[in-house]
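**Student:** My questions will all concern the structure given below.
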Amino acid sequence: MLRVHSVTGVGDPVRRRAATYRVGGASTRMAILTGVGCSSAAVLTLEVVLTRIFAVAQFHHFAFLAVSLALLGYGASGTVLTVLPRLCRGGPRRWATFAAVQALATVGAYAATNTIPFDSFSIAWDRTQIVYLVSYLVLLAVPFFFGGIVIGALLAGWDQPTPIPSHQVYGVSLAGSGVGALLAVASVGRFGGEGVVVLAALAAMVGALAFESAVRPRSAGRLGVGMCAAIVLGVVAFHVPDLLTLRLSPYKDLSAALRYPGAEVVSTQWNAAGRVDHVLSDGIRSLPGLSFTYPGVPGPQDAVTVDGDDLSPIPRTEPAEADFLPYLLGSLPFALRPGGDALILEPRGGLDVLVALREGARSVTAVEPNDGVLAAVRSTTPNPYAGPRVEVVVAEPRTYVERTTRRFDVVDLALTSPYRPVTSGAYSLAEDYLLTAESFERYVDRLRPGGILTAVRWLQTPPSETMRLVALFADAARRAGADPERSVVALRGYATGLVMLKPDGFDGSEMAYIRSFAEARRFDLIAAPGLTAGETNRFNRLPEDEYRTQAAALLTETGPGPGYAASRFDITPPTDDHPFFGHYFRWSQSGEVLESIGRTWQPFGGAGYFVLVVLLGFAVLVGGLLIVAPLALTGGWRRAAPSRDRWWTVAYFGLLGIAFLFVEMPLVQRYILLVGRPTTALATVLFALLAASGVGSLLSPRLPWRPSACALTATALAMPFAMGPLTTLLLPAPGPVRVLLGSAALAPLGVLMGVMFPKGLANLRCRTPDLVPWAWGINGVASVVSAVASALLALSVGFKFVVLVGAACYGLSTLLVRPDRRTSDGAPGLTRAG
């Protein structure tokens with residue numbers, strides 16, 4: 001029999017006593033580590049799927065808010081373990097109980113939040129919504145809290161039945177987290193978002209069974225109950241009950257479409273890109289850019305939504321019979337190139353495909369990244385993608401453009417997003433690599449001589465969205481060596497604006513056709529060669545023609561100047577390092593936004609960008625309380641732990657928590673371009689970094705601390721500069737090769753990231769073991785704060801700067817490295833007695 005003496009503590013006399021267990025050697029250790037891996041996998045699976053769940057049920061920024069604050073539960077677990085050290089006692093039976101509660105809380109918290117009637121639009125004046133929001137966040141924190149309790153208790157090393165070193169616990173936890181991220185993305189197509197939540201609960205229950213199997217003597221009753229619970233969860237994952245069926249916000253496009261009498265959802269499909277719904281309704285009439293001069297009645301339409309929003313029409317009309325198509329603003333570039341080859345990026349329901357066919361395109365290459373959308377559209381009759389002239393490519397549009405060598409007469413960026421007011425920055429968080437300066441440079445490269453690049457966006461008052469599009473086109477013209485004043489043409493209707501770029505310059509006959517098209521359809525010119533004041537603001541009249549004056553300034557300036565400064569919004573062209581086309585916020589707007597909160601019909605009362613600012617302040621406040629709480633509530637522990645060790649713990653583990661997320665999150669964003677899909681990028685980066693970090697943790701006893709910290713800092717500093725050449729090198733390769741090599745490129749960074757935490761923890765367990773749970777909590781709290789702070793910094797200054805700040809934090813942690821201390825058995829803080 002092996003006797004394990006717990007670490008001698010100074011604040012809790014209970015931990016001074018030795019604990020004796022009957023253990024099964026390697027099999028017991030394996031069972032416990034299996035429980036650790038399953039519990040950690042459940043946490044990451046839940047975290048990833050919640051981003052999808054709440055993006056569908058609410059909106060993208062709400063998903064960010066909910067998950068970021070829910071992760072405070074992970075940090076809170078360290079505080080609770082510090083204040084209540086008895087929770088660390090009890091061995092695998094106690095851990096099995098925690099993991100079982102984690103499993104039940106995973107399903108229970110989701111089911112409860114799914115029934116809460118939270119309304120983010122009315123929260124500014126309905127105080128009941130604040131109660132609902134707090135309930136959301138508290139409930140979501142519960143499964144994360146118990147997942148953190150499981151790992152934190154094992155890392156503390158108190159009263160363990162087998163002497164498992166902290167680097168093994170942490171390493172397996174990281175590896176399990178990486179598998180959990182992969183599981184969430186890989187299984188959502190089969191089980192749907194709701195089913196993946198249940199799978200996360202199942203993983204936690206399997207962890208509970210693994211812990212229970214390490215108990216001696218075993219309890220057949222507890223094992224039986226756990227196995228029955230696991231079987232029930234498995235059945236529920238395949239057959240989700242109505243209680244767990246996701247309920248959408250009434251302000252989603254899908255919810256609005258279903259309010260029309262007779263409307264119905266004919267199919268719903270989850271995939272790695274989101275949830276796709278095919279809507280059949282006689283009330284759908286969506287034709288962005290349709291001229292007021294159209295005399296007829298548009299034909300019937302179905303619709304497809306992605307994540308319950310972004311409704312895109314599916315015309316149920318043959319091109320020859322769709323007489324409304326030539327009256328669309330977006331038909332102009334195709335009419336200028338009859339008989340040409342067209343490339344349409346992300347056409348969704350296929351409206352732009354029909355336009356190109358109607359205007360006589362010889363061939364249409366439609367690049368649609370979502371196979372669920374294609375399945376929905378192809379199920380309609382007639383099918384816009386059917387016919388010998390249409391080639392459908394399932395790929396991320398940006399990736400296709402980077403890889404193809406074909407050239408086209410028209411490259412069209414289809415309008416897929418609905419109208420959204422940009423005044424408050426409520427939709428700033430979504431990155432879009434289709435609308436960056438680098439992507440436009442590639443589009444121009446794909447044009448034949450005389451080819452046209454075109455895009456349609458929504459009009460805003462004051463001008464913002466279309467003006468940023470004009471700025472992008474002007475920048476693309478300069479990069480191609482063209483004169484923007486001769487090569488860019490822009491028009492507007494009542495609600496949409498069209499911008500075209502012909503690097504060779506529009507000739508006289510083309511300008512004559514454009515002017516006659518605008519005259520006949522009652523569209524207004526914004527920018528064109530030789531444009532005079534009398535030709536603008538004629539049909540869709542504005543008190544002041546700001547569109548023309550701003551466009552003229554943007555086309556003549558060679559860089560950010562008075563034209564950009566005159567705009568109330570930030571309309572500078574986005575870049576791959578700052579790909580936020582929807583982010584127009586300037587700090588000079590602060591007073592206006594704050595004054596309008598509660599007076600606009602937008603999520604969170606129109607607070608928009610300030611939601612992130614408030615969230616950061618809240619995370620800092622709550623995180624500070626969680627860090628300070630043990631100092632106030634455990635007087636003996638506070639007196640026994642030297643002040644220098646307390647400050648070192650806060651600084652070292654806080655810096656690690658900040659640095660990890662500051663490096664990880666921008667890499668996820670940058671890998672979207674490399675691997676092709678946002679969700680694939682998320683799974684690739686999380687799995688590669690976490691799995692490699694797990695390896696680094698397991699290797700940490702063999703690696704020197706300070707040299708590893710220096711190498712990590714240097715590697716993190718190099719990453720933002722290496723990503724561009726790496727992407728250029730790997731893009732021509734097939735998708736699986738890009739994913740594999742992209743993962744391999746992250747391995748050195750991940751291994752070094754995994755060394756730092758267990759090194760610090762091992763040192764702390766030797767010096768002041770009572771501080772170990774506190775260190776766990778500090779690291780978790782810092783991660784939450786850094787998740788919000790990194791998003792704010794990325795919106796303000798770009799991804800490269802965020803990674804460099806993360807590298808700087810690793811550099812500061814290097815200054816805090818202490819001499820290694822180890823016990824004879826390699827498990828810091830544990831002694832073995834025969």
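For the structure tokens, the naming scheme is as follows: chains receive sequential letters (A, B, ...) according to their order of presentation, residues are indexed from 1 within each chain, and ligands are indexed from 1 in presentation order.
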Give me the residues within 9 Å of Ala99 (chain A) as a compact mmCIF listing (two decimals) with N, CA, C and O atoms, in the first residue's frame, counting only C-alpha atoms and dropping any in the same chain fewer than 2 places off.

**Tutor:**
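So around-v1.txt came out as:
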# COMPACT_ATOMS: atom_id res chain seq x y z
N GLY A 35 -9.96 11.28 -16.40
CA GLY A 35 -10.99 12.19 -15.88
C GLY A 35 -10.63 13.64 -16.11
O GLY A 35 -11.49 14.47 -16.46
N SER A 39 -12.93 16.13 -18.45
CA SER A 39 -13.51 17.33 -17.87
C SER A 39 -13.06 18.58 -18.64
O SER A 39 -13.86 19.48 -18.93
N ARG A 94 -14.44 12.71 -4.56
CA ARG A 94 -14.83 14.12 -4.58
C ARG A 94 -14.72 14.68 -6.00
O ARG A 94 -15.60 15.43 -6.45
N TRP A 95 -13.67 14.33 -6.71
CA TRP A 95 -13.50 14.83 -8.08
C TRP A 95 -14.59 14.29 -8.99
O TRP A 95 -15.07 14.99 -9.89
N ALA A 96 -14.98 13.03 -8.77
CA ALA A 96 -16.07 12.44 -9.56
C ALA A 96 -17.37 13.21 -9.33
O ALA A 96 -18.14 13.45 -10.27
N THR A 97 -17.61 13.61 -8.08
CA THR A 97 -18.81 14.38 -7.78
C THR A 97 -18.78 15.72 -8.51
O THR A 97 -19.78 16.15 -9.11
N VAL A 101 -21.44 16.97 -11.36
CA VAL A 101 -22.18 18.23 -11.27
C VAL A 101 -21.89 19.10 -12.49
O VAL A 101 -22.78 19.78 -13.03
N GLN A 102 -20.65 19.09 -12.96
CA GLN A 102 -20.30 19.83 -14.18
C GLN A 102 -21.16 19.35 -15.35
O GLN A 102 -21.66 20.16 -16.14
N ALA A 103 -21.32 18.03 -15.48
CA ALA A 103 -22.12 17.48 -16.58
C ALA A 103 -23.58 17.92 -16.48
O ALA A 103 -24.18 18.37 -17.47
N LEU A 104 -24.15 17.79 -15.29
CA LEU A 104 -25.55 18.18 -15.11
C LEU A 104 -25.73 19.68 -15.30
O LEU A 104 -26.73 20.14 -15.88
N PHE A 146 -17.37 24.44 -12.07
CA PHE A 146 -17.08 23.08 -11.61
C PHE A 146 -15.98 22.42 -12.44
O PHE A 146 -15.21 21.62 -11.93
N GLY A 147 -15.90 22.78 -13.74
CA GLY A 147 -14.76 22.29 -14.52
C GLY A 147 -13.46 22.83 -13.98
O GLY A 147 -12.44 22.12 -13.91
N ILE A 149 -12.98 23.75 -10.82
CA ILE A 149 -12.77 23.11 -9.52
C ILE A 149 -12.05 21.78 -9.67
O ILE A 149 -11.13 21.45 -8.90
N VAL A 150 -12.45 20.99 -10.67
CA VAL A 150 -11.83 19.68 -10.87
C VAL A 150 -10.33 19.82 -11.10
O VAL A 150 -9.51 19.17 -10.43
N ALA A 204 -18.08 15.32 -19.70
CA ALA A 204 -17.87 15.54 -18.27
C ALA A 204 -18.31 14.32 -17.46
O ALA A 204 -17.66 13.94 -16.48
N MET A 205 -19.41 13.69 -17.87
CA MET A 205 -19.89 12.51 -17.15
C MET A 205 -18.92 11.34 -17.32
O MET A 205 -18.71 10.56 -16.37
N VAL A 206 -18.34 11.19 -18.50
CA VAL A 206 -17.32 10.16 -18.69
C VAL A 206 -16.13 10.44 -17.78
O VAL A 206 -15.53 9.52 -17.19
N GLY A 207 -15.77 11.71 -17.62
CA GLY A 207 -14.72 12.07 -16.68
C GLY A 207 -15.07 11.67 -15.26
O GLY A 207 -14.22 11.18 -14.51
N ALA A 208 -16.34 11.88 -14.87
CA ALA A 208 -16.78 11.48 -13.53
C ALA A 208 -16.65 9.97 -13.35
O ALA A 208 -16.21 9.49 -12.29
N LEU A 209 -17.01 9.21 -14.38
CA LEU A 209 -16.87 7.76 -14.30
C LEU A 209 -15.40 7.35 -14.19
O LEU A 209 -15.06 6.40 -13.46
N PHE A 211 -12.95 9.12 -12.81
CA PHE A 211 -12.54 9.39 -11.43
C PHE A 211 -13.10 8.34 -10.48
O PHE A 211 -12.40 7.86 -9.59

**Student:** Please identify which residues in region 199-339 of chain A DSSP calls alpha helix (DSSP H) from the backbone, and express them as a PyMOL selection string.

**Tutor:** chain A and resi 199-213+220-238+253-258+332-336

**Student:** Put those residues in a file: C-alpha atoms, as a CSV table (one decimal), in the first residue's frame.

**Tutor:**
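The new file out13.csv reads:
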chain,number,residue,atom,x,y,z
A,199,LEU,CA,-22.0,15.9,-25.9
A,200,ALA,CA,-20.1,18.3,-23.7
A,201,ALA,CA,-22.1,17.1,-20.7
A,202,LEU,CA,-21.5,13.5,-21.8
A,203,ALA,CA,-17.7,14.2,-21.8
A,204,ALA,CA,-17.9,15.5,-18.3
A,205,MET,CA,-19.9,12.5,-17.1
A,206,VAL,CA,-17.3,10.2,-18.7
A,207,GLY,CA,-14.7,12.1,-16.7
A,208,ALA,CA,-16.8,11.5,-13.5
A,209,LEU,CA,-16.9,7.8,-14.3
A,210,ALA,CA,-13.1,7.7,-14.8
A,211,PHE,CA,-12.5,9.4,-11.4
A,212,GLU,CA,-15.0,7.0,-9.8
A,213,SER,CA,-13.2,4.0,-11.2
A,220,ALA,CA,-21.0,-0.4,-7.8
A,221,GLY,CA,-24.0,1.9,-7.1
A,222,ARG,CA,-22.3,5.1,-8.0
A,223,LEU,CA,-20.7,3.6,-11.1
A,224,GLY,CA,-24.1,2.3,-12.2
A,225,VAL,CA,-25.8,5.6,-11.7
A,226,GLY,CA,-23.0,7.4,-13.7
A,227,MET,CA,-23.2,4.9,-16.5
A,228,CYS,CA,-27.0,5.3,-16.7
A,229,ALA,CA,-26.6,9.1,-16.8
A,230,ALA,CA,-24.0,8.8,-19.6
A,231,ILE,CA,-26.4,6.6,-21.6
A,232,VAL,CA,-29.2,9.0,-21.2
A,233,LEU,CA,-27.0,11.9,-22.3
A,234,GLY,CA,-25.9,9.9,-25.4
A,235,VAL,CA,-29.5,9.3,-26.4
A,236,VAL,CA,-30.5,12.9,-25.8
A,237,ALA,CA,-27.6,14.0,-28.0
A,238,PHE,CA,-29.1,12.1,-30.9
A,253,ASP,CA,-34.4,37.8,-39.8
A,254,LEU,CA,-35.6,34.2,-39.5
A,255,SER,CA,-38.0,35.1,-36.7
A,256,ALA,CA,-39.4,38.0,-38.7
A,257,ALA,CA,-39.9,35.9,-41.8
A,258,LEU,CA,-41.8,33.2,-39.9
A,332,LEU,CA,-24.9,47.4,-64.5
A,333,PRO,CA,-21.4,45.8,-64.5
A,334,PHE,CA,-22.8,42.7,-66.1
A,335,ALA,CA,-24.6,44.7,-68.7
A,336,LEU,CA,-21.3,46.4,-69.5

**Student:** For Gly189 (chain A), please output as a list of chain:residue names all residues within 10 Å (counting only C-alpha atoms; exclusion window: fewer than 5 positions along the same chain).

**Tutor:** A:Ala184, A:Gly195, A:Val196, A:Gln269, A:Trp270, A:Asn271, A:Ala272, A:Ala273, A:Gly274, A:Arg275, A:Gly372

**Student:** Can I get the selected residues back with N, CA and C atoms, as a PDB file, in the first residue's frame?

**Tutor:**
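Output contents, as saved in out-v3.pdb:
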ATOM      1  N   ALA A 184     -16.077  20.014 -30.795  1.00  0.00           N
ATOM      2  CA  ALA A 184     -17.186  20.945 -30.986  1.00  0.00           C
ATOM      3  C   ALA A 184     -17.409  21.255 -32.459  1.00  0.00           C
ATOM      4  N   GLY A 195     -27.237  19.548 -29.676  1.00  0.00           N
ATOM      5  CA  GLY A 195     -26.681  18.227 -29.414  1.00  0.00           C
ATOM      6  C   GLY A 195     -25.248  18.271 -28.932  1.00  0.00           C
ATOM      7  N   VAL A 196     -24.472  19.243 -29.423  1.00  0.00           N
ATOM      8  CA  VAL A 196     -23.076  19.352 -28.985  1.00  0.00           C
ATOM      9  C   VAL A 196     -23.006  19.783 -27.523  1.00  0.00           C
ATOM     10  N   GLN A 269     -30.108  22.998 -41.155  1.00  0.00           N
ATOM     11  CA  GLN A 269     -28.859  22.239 -41.177  1.00  0.00           C
ATOM     12  C   GLN A 269     -27.778  23.003 -40.440  1.00  0.00           C
ATOM     13  N   TRP A 270     -27.115  22.317 -39.505  1.00  0.00           N
ATOM     14  CA  TRP A 270     -25.939  22.869 -38.840  1.00  0.00           C
ATOM     15  C   TRP A 270     -24.704  22.366 -39.566  1.00  0.00           C
ATOM     16  N   ASN A 271     -23.719  23.217 -39.685  1.00  0.00           N
ATOM     17  CA  ASN A 271     -22.422  22.787 -40.179  1.00  0.00           C
ATOM     18  C   ASN A 271     -21.352  23.644 -39.514  1.00  0.00           C
ATOM     19  N   ALA A 272     -20.115  23.461 -39.927  1.00  0.00           N
ATOM     20  CA  ALA A 272     -19.017  24.176 -39.282  1.00  0.00           C
ATOM     21  C   ALA A 272     -19.117  25.682 -39.467  1.00  0.00           C
ATOM     22  N   ALA A 273     -19.859  26.128 -40.468  1.00  0.00           N
ATOM     23  CA  ALA A 273     -19.983  27.561 -40.735  1.00  0.00           C
ATOM     24  C   ALA A 273     -21.163  28.191 -40.017  1.00  0.00           C
ATOM     25  N   GLY A 274     -22.043  27.392 -39.406  1.00  0.00           N
ATOM     26  CA  GLY A 274     -23.188  27.939 -38.704  1.00  0.00           C
ATOM     27  C   GLY A 274     -24.446  27.139 -38.967  1.00  0.00           C
ATOM     28  N   ARG A 275     -25.558  27.744 -38.664  1.00  0.00           N
ATOM     29  CA  ARG A 275     -26.867  27.096 -38.882  1.00  0.00           C
ATOM     30  C   ARG A 275     -27.536  27.703 -40.102  1.00  0.00           C
ATOM     31  N   GLY A 372     -24.187  24.090 -46.774  1.00  0.00           N
ATOM     32  CA  GLY A 372     -25.576  24.041 -46.337  1.00  0.00           C
ATOM     33  C   GLY A 372     -26.450  24.994 -47.131  1.00  0.00           C
TER      34      GLY A 372
END
